[in-house]
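Colleague: My questions will all concern the structure given below.
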Amino acid sequence: MQALNTVLAYAEEAAHHLETDPGGFVGVMVDWAWLIPVVPLVLMFAIVFFGKRLPLKGWELAEGSMAFVAIYGVALLIANWIEPFTVEHHVEIARIGVLPGLGDLVIEWGWVVDGLSIMMYTVVGVVGFFVFTYAKGYMEGDVRFTFFFASFTLFAGGMLVLVSSANMMQLIVGWELVGVASYLLIGHWWEDHANNAAAIKAFITNKIADVGLFVGVIIAGITVGSFRFTDVLDAVEAGDSALARVGFWVGLAMFVGAMGKSAQMPFHVWLPDAMAGPTPVSSLMHAATMVTAGVYLLGRMFPFYQAEGFGDDVKLWIILIGGFTLFFTGLLALVQDDIKKVLAYSTLSQLGYMTAAMGAGAYTAGLFHLFTHAFFKGLLFLAAGSVIHGVHSNNMSDMGGLRKSMPTTYWTFLIGSLALAGVFPLAGFWSKDEILASVKADAFGLGSAADLVLVLAILGAFVTAFYMARTVYLTFFGEYKGEGHPHESPRVMTYPLIGLAVLSAVAGWVLIPGVSEGFTHWLEARLHNPLDGPLHFESIDWAVAGIGTLMALLGIAAGTRLWYRDAPTQLERDRFRIPVLYPLLEHKYYFDDVYMNGIVKPTAGPIARATNWSNNVIIDGVVNFFGATARFLSRYVYGWADQRGIDLAINAAAAAAGETGSVVRRVQTGKVQQYAGALFVGAILLVIGFLIFG
Amino acid sequence: MSFGDWITQSENIVFLVIALPMVAGAVMVVTSRNVVHAALTLILTLAGSAALFLMLGAEFVAWTLVLVYIGAVIVLFLFGIMITRAPIGRDAVRLDHRRRWPAALVAASVFAVIVTATSLAFPDTEIAEGVVRTDSIGEVLFNRFVIPFEVVSLVLLAALVGGIVLARKDPE
Amino acid sequence: MIVNQFLVLAALLFSLGIYGVLVRRNAVLVLLSVELMLTAVNINLVAFGSMLQESVLTGQIFALFVITVAAAEVGIGLAIVVLIFRNRSSSNIDELDLMKW
């Protein structure tokens, strides 16, 4: 209690960066907001030490922490909606003189309570709450159940540290906590070597990109003399010339860090492999934590990228990388058999949308898509996990026909798919439309690059709907091709699906241009508000919305044409191919008795044939053309660019490391005392060097 | 300050009386052919350093050294020697490596470098007199250094548990 | 008393410790030599503490911490030696080259 009071006293004294200080109950809530990252981390330790003795083996603590964060986040969200506020607290932890002449390095712990961070608290808390509930059913009977929930809580807690941080050093701490926890979780079933390899791959790929983040943070921090976001952004506002000189490199280096966590090309390779972890992990990782960190960083630093002469040269990189990622990884999703991999590539594609939006200057649109995507992608993964739980296989070739045996899973998966495809009025429609409109508006004036990305994004909308239709048909339609009898998952797993399905449906309604602008108001409430400029819209852009919807419907149609045929039963196939006519044809048996020789054969037959012909030739032609092109492209991209190009480069690097190692390993004799001798010789040489040159 | 000036101060004679046996003990520790002798001569060196601490006015550190090191650590070492059946007495098993000269060279150059560096840095700095009483140590230890103190106690606990886990026989 | 006399003595003890660490084959003797080096460090700490006469007594406090950590180190170190001896019937560390690739 002493320590707690000290922290609180510090907080009172600490320099408040107060734009608007809410008083009363909201003020108290804001002052205690530091509990949001701390509670999960503390409970993580409690799970480690006492979890196994508790009646539910530590799950109740994990779930409790998420419930706490969710409730706290929603309460803050509502308070901020009613009256916007922005509060930052900084507590000094240590002051270190690093190098002479550079001033002291101040290590601080701080927490930001503004629109952006509250939005993230809510997303992590709410999605986390549902995923943790579901995970209880999914992980039931697992050998390391308690350990799983400890790492899972650490995962969410790390993300909360990241999004609550008021300075870049703390951001890195959260960033790395998330990385470590993801390593533990992806490799949760480490008895299988492939899972281990996937965990290591994720960790190392992230680590390489993290170097970028470190470089950016260190350059920015030393140039400005402070690691606080507000100080850096103040310097941007004041037009600090020293920061402007390094602006491009800082911006680029930080973006490289964001590319790693948000899995943009060419750092996307870890995310599909990360499917090796248990499905709840994939769900949280793809929805609320980890991959959103990069987009969040871009959002937090947005004024830096926005300002003329600082990071604005990086914008072109951001929009192009986002644009290519959204299109090409979307195509990859078309050729996967593993249902989780389809969703993983889909996540990559959606992250591409967010990144491209950030590059196009659409702060609101990018974060809005992050917000809605968190709900429906979390839902899709949980539903896929429910399928896997019932079928005991990840492959869609072992599934099919699950619509009947798993109705709840089917309906929720369908809602998630439609939301992802961007069908009115589900969540994905609003956010994708916002992104398309923003890229079209081209607030950063990128010209032809923005046009190119707009085309890619529109095609991407088609591809998204296309592969989701395929997934739905292969999984839930046709006949069951696996072994055993699939059954619906227990209620502890289906209730979270229903909850997230509702959110996936309605989450988009917080930002309907011209109708409800709640989301914009949340994001406005921050210091260095980047929303001045043509970044949000007064009304819906009907042309863009129309094209987006058309593409989504076309994609669904194409998927229907191509994959519904995989259903092995003729009856099932026809029922769908001729939706209007089929009931008539079915009832032919009753009509036969009456009209057999007179009416049915001469009329119904030709009508049916004519309809069938137009259906097959005209609609199929258009649809097949799109489908075949997309299929061809995706094969090509997967086979060439991904499997050969990138893998070859990685293998070459590994081989080079191996060669070097086999030469250098001769130095390793294994004799400790020789190592110690070398150590002392090195120390002597260093001291002599200092004496002579120092 | 010349050596003549230095040696005429009575406290420096005391210093030499303490320091020379310490060095002799240390030489015995690293060269003795008998493991038990090596452990026992370490006592000599440690006792000497405790005496030096008394000279410097660090009473609490001196007595802690006597209690912890001479009282506990050396006993622990003797147990270790006994359990591992290290060669006691001058028998055939070599205690040293054959190549001593590289090691001696490294040690000598470390000595040379340290002495050069320190004599450059502190040519003739005098040490002031003054005794630090135990109560002031306690005050500092439990105010400013209370967190390191607690951490060190955790380290000791971990070492205790670790030692037991490592050294106990596996229950077959 | 000047500070240098303590520093030179400490340097001598430290170098002797290094010699012992590098040249001894028996693991117990290597640990003894490490203790010698730690003693040298303690002498330095206390001597500097007396020289600076600071009110927070950092030198002596750190010497105390070094003694404590050294005690922990001896406990663990000897446990490891006993374990190695039990497994390989030898406590000669030049026979332990398992760290080699």
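In the structure tokens, chains take letters A, B, ... by order of appearance, with residues numbered from 1 within each chain and ligands from 1 in the order shown.
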Show me, as an NGL selection string, the residues that have an atom within 9 Å of Val74 in chain C when counting only C-alpha atoms, minus same-chain residues fewer than 3 positions from it.
Modeller: (:B and (73 or 76-77)) or (:C and (31-32 or 35 or 69-71 or 77-79))
Colleague: Take the residues just selected and output them with N, CA and C atoms as a CSV table (one decimal), in the first residue's frame.
Modeller:
```
chain,number,residue,atom,x,y,z
B,73,VAL,N,31.5,-19.8,4.6
B,73,VAL,CA,31.9,-20.1,3.3
B,73,VAL,C,33.0,-21.1,3.3
B,76,LEU,N,31.8,-24.4,4.1
B,76,LEU,CA,31.2,-25.0,2.9
B,76,LEU,C,32.2,-25.6,1.9
B,77,PHE,N,33.3,-24.8,1.8
B,77,PHE,CA,34.3,-25.3,0.9
B,77,PHE,C,34.9,-26.6,1.4
C,31,LEU,N,36.8,-22.1,-7.7
C,31,LEU,CA,35.9,-21.3,-6.9
C,31,LEU,C,36.6,-20.5,-5.8
C,32,LEU,N,37.6,-21.2,-5.2
C,32,LEU,CA,38.4,-20.5,-4.2
C,32,LEU,C,39.1,-19.3,-4.8
C,35,GLU,N,36.8,-16.4,-5.1
C,35,GLU,CA,36.6,-15.7,-3.8
C,35,GLU,C,37.7,-14.7,-3.6
C,69,VAL,N,26.1,-11.9,-2.2
C,69,VAL,CA,26.0,-12.5,-3.5
C,69,VAL,C,27.1,-13.6,-3.6
C,70,ALA,N,28.3,-13.3,-3.0
C,70,ALA,CA,29.3,-14.3,-3.1
C,70,ALA,C,29.0,-15.6,-2.3
C,71,ALA,N,28.3,-15.4,-1.2
C,71,ALA,CA,27.8,-16.5,-0.4
C,71,ALA,C,26.9,-17.4,-1.3
C,77,GLY,N,27.6,-22.8,-6.7
C,77,GLY,CA,28.8,-23.3,-7.4
C,77,GLY,C,29.1,-24.7,-6.8
C,78,LEU,N,29.2,-24.8,-5.5
C,78,LEU,CA,29.5,-26.1,-4.9
C,78,LEU,C,28.5,-27.1,-5.2
C,79,ALA,N,27.2,-26.7,-5.3
C,79,ALA,CA,26.2,-27.7,-5.6
C,79,ALA,C,26.4,-28.2,-7.0
```
Colleague: Dump as a short mmCIF file (atom, residue, chain, number, x, y, z; two decimals) with C-alpha atoms, in the first residue's frame the residues of chain B that approach chain A to within 7 Å, counting only C-alpha atoms.
Modeller:
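Printed below is selection_19.cif as written:
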```cif
data_model
loop_
_atom_site.label_atom_id
_atom_site.label_comp_id
_atom_site.auth_asym_id
_atom_site.auth_seq_id
_atom_site.Cartn_x
_atom_site.Cartn_y
_atom_site.Cartn_z
CA VAL B 106 47.66 -12.69 -18.39
CA VAL B 110 46.12 -7.40 -15.58
CA VAL B 113 47.29 -2.40 -16.24
#
```
Colleague: At a cut-off of 12 Å, which residues of chain C touch chain A? Count only C-alpha atoms and give the answer as a PyMOL selection string.
Modeller: chain C and resi 14-15+17-27+30+34+92-101
Colleague: Excluding range 138-141 of chain B and its own-chain neighbours fewer than 3 positions away, which residues fall within 12 Å of it when counting only C-alpha atoms? Please give them as a count of residues only.
Modeller: 25
Colleague: Could I get the residues of chain B with an atom no further than 6 Å from an atom of chain C, each paired with its nearest atom pair and that distance in Å to one decimal, using only C-alpha atoms, sorted by chain and residue number, as a Markdown table?
Modeller:
```
| residue | atom | partner | partner_atom | distance |
| --- | --- | --- | --- | --- |
| B:Val30 | CA | C:Gly20 | CA | 4.8 |
| B:Leu95 | CA | C:Arg25 | CA | 5.4 |
| B:Asp96 | CA | C:Arg24 | CA | 4.6 |
| B:His97 | CA | C:Val23 | CA | 5.6 |
| B:Ala103 | CA | C:Tyr19 | CA | 5.6 |
| B:Ala104 | CA | C:Tyr19 | CA | 5.9 |
| B:Ala107 | CA | C:Ser15 | CA | 4.8 |
| B:Phe111 | CA | C:Ser15 | CA | 5.6 |
| B:Thr125 | CA | C:Ile2 | CA | 5.5 |
| B:Glu126 | CA | C:Ile2 | CA | 4.3 |
| B:Ile127 | CA | C:Met51 | CA | 4.8 |
| B:Leu156 | CA | C:Ala72 | CA | 5.6 |
| B:Ala159 | CA | C:Ala72 | CA | 5.4 |
| B:Gly163 | CA | C:Ile76 | CA | 5.0 |
| B:Leu166 | CA | C:Ala79 | CA | 5.9 |
| B:Ala167 | CA | C:Ala79 | CA | 5.1 |
```
Colleague: Mind writing the picked residues with N, CA and C atoms as a compact mmCIF listing (two decimals), in the first residue's frame?
Modeller:
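The result, written out as selection_28.txt:
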```txt
# COMPACT_ATOMS: atom_id res chain seq x y z
N VAL B 30 46.61 -20.18 -4.68
CA VAL B 30 46.64 -20.52 -6.09
C VAL B 30 47.76 -21.48 -6.46
N LEU B 95 46.89 -30.92 -9.95
CA LEU B 95 45.88 -29.92 -9.64
C LEU B 95 45.90 -28.76 -10.64
N ASP B 96 47.04 -28.61 -11.33
CA ASP B 96 47.18 -27.49 -12.25
C ASP B 96 47.27 -27.99 -13.68
N HIS B 97 47.07 -27.06 -14.60
CA HIS B 97 47.34 -27.37 -16.01
C HIS B 97 48.83 -27.36 -16.23
N ALA B 103 48.91 -18.21 -18.47
CA ALA B 103 48.04 -17.72 -17.40
C ALA B 103 48.78 -16.68 -16.55
N ALA B 104 50.04 -16.98 -16.24
CA ALA B 104 50.83 -16.04 -15.44
C ALA B 104 50.98 -14.72 -16.19
N ALA B 107 47.73 -12.77 -15.96
CA ALA B 107 47.55 -12.22 -14.62
C ALA B 107 48.49 -11.03 -14.41
N PHE B 111 47.57 -7.10 -13.66
CA PHE B 111 48.12 -6.35 -12.53
C PHE B 111 48.75 -5.05 -13.01
N THR B 125 46.30 10.42 -3.07
CA THR B 125 45.09 10.79 -2.35
C THR B 125 45.09 10.16 -0.96
N GLU B 126 44.94 11.00 0.04
CA GLU B 126 44.94 10.52 1.43
C GLU B 126 43.56 9.98 1.78
N ILE B 127 43.56 9.02 2.69
CA ILE B 127 42.29 8.52 3.19
C ILE B 127 42.05 9.16 4.55
N LEU B 156 19.33 -14.76 -2.34
CA LEU B 156 19.79 -15.78 -1.40
C LEU B 156 18.79 -16.93 -1.33
N ALA B 159 19.16 -19.01 -4.32
CA ALA B 159 20.36 -19.82 -4.25
C ALA B 159 20.15 -21.01 -3.33
N GLY B 163 20.42 -24.60 -4.73
CA GLY B 163 21.45 -25.51 -4.21
C GLY B 163 20.84 -26.85 -3.82
N LEU B 166 19.77 -28.77 -6.97
CA LEU B 166 20.88 -29.29 -7.77
C LEU B 166 21.55 -30.47 -7.08
N ALA B 167 21.76 -30.34 -5.78
CA ALA B 167 22.64 -31.30 -5.13
C ALA B 167 21.93 -32.53 -4.61
```
Colleague: So that I can check the secondary structure, give me every residue of range 483-566 of chain A assigned helix (DSSP H, G or I) by backbone DSSP, as a ChimeraX atom specification.
Modeller: /A:491-510,518-524,542-566
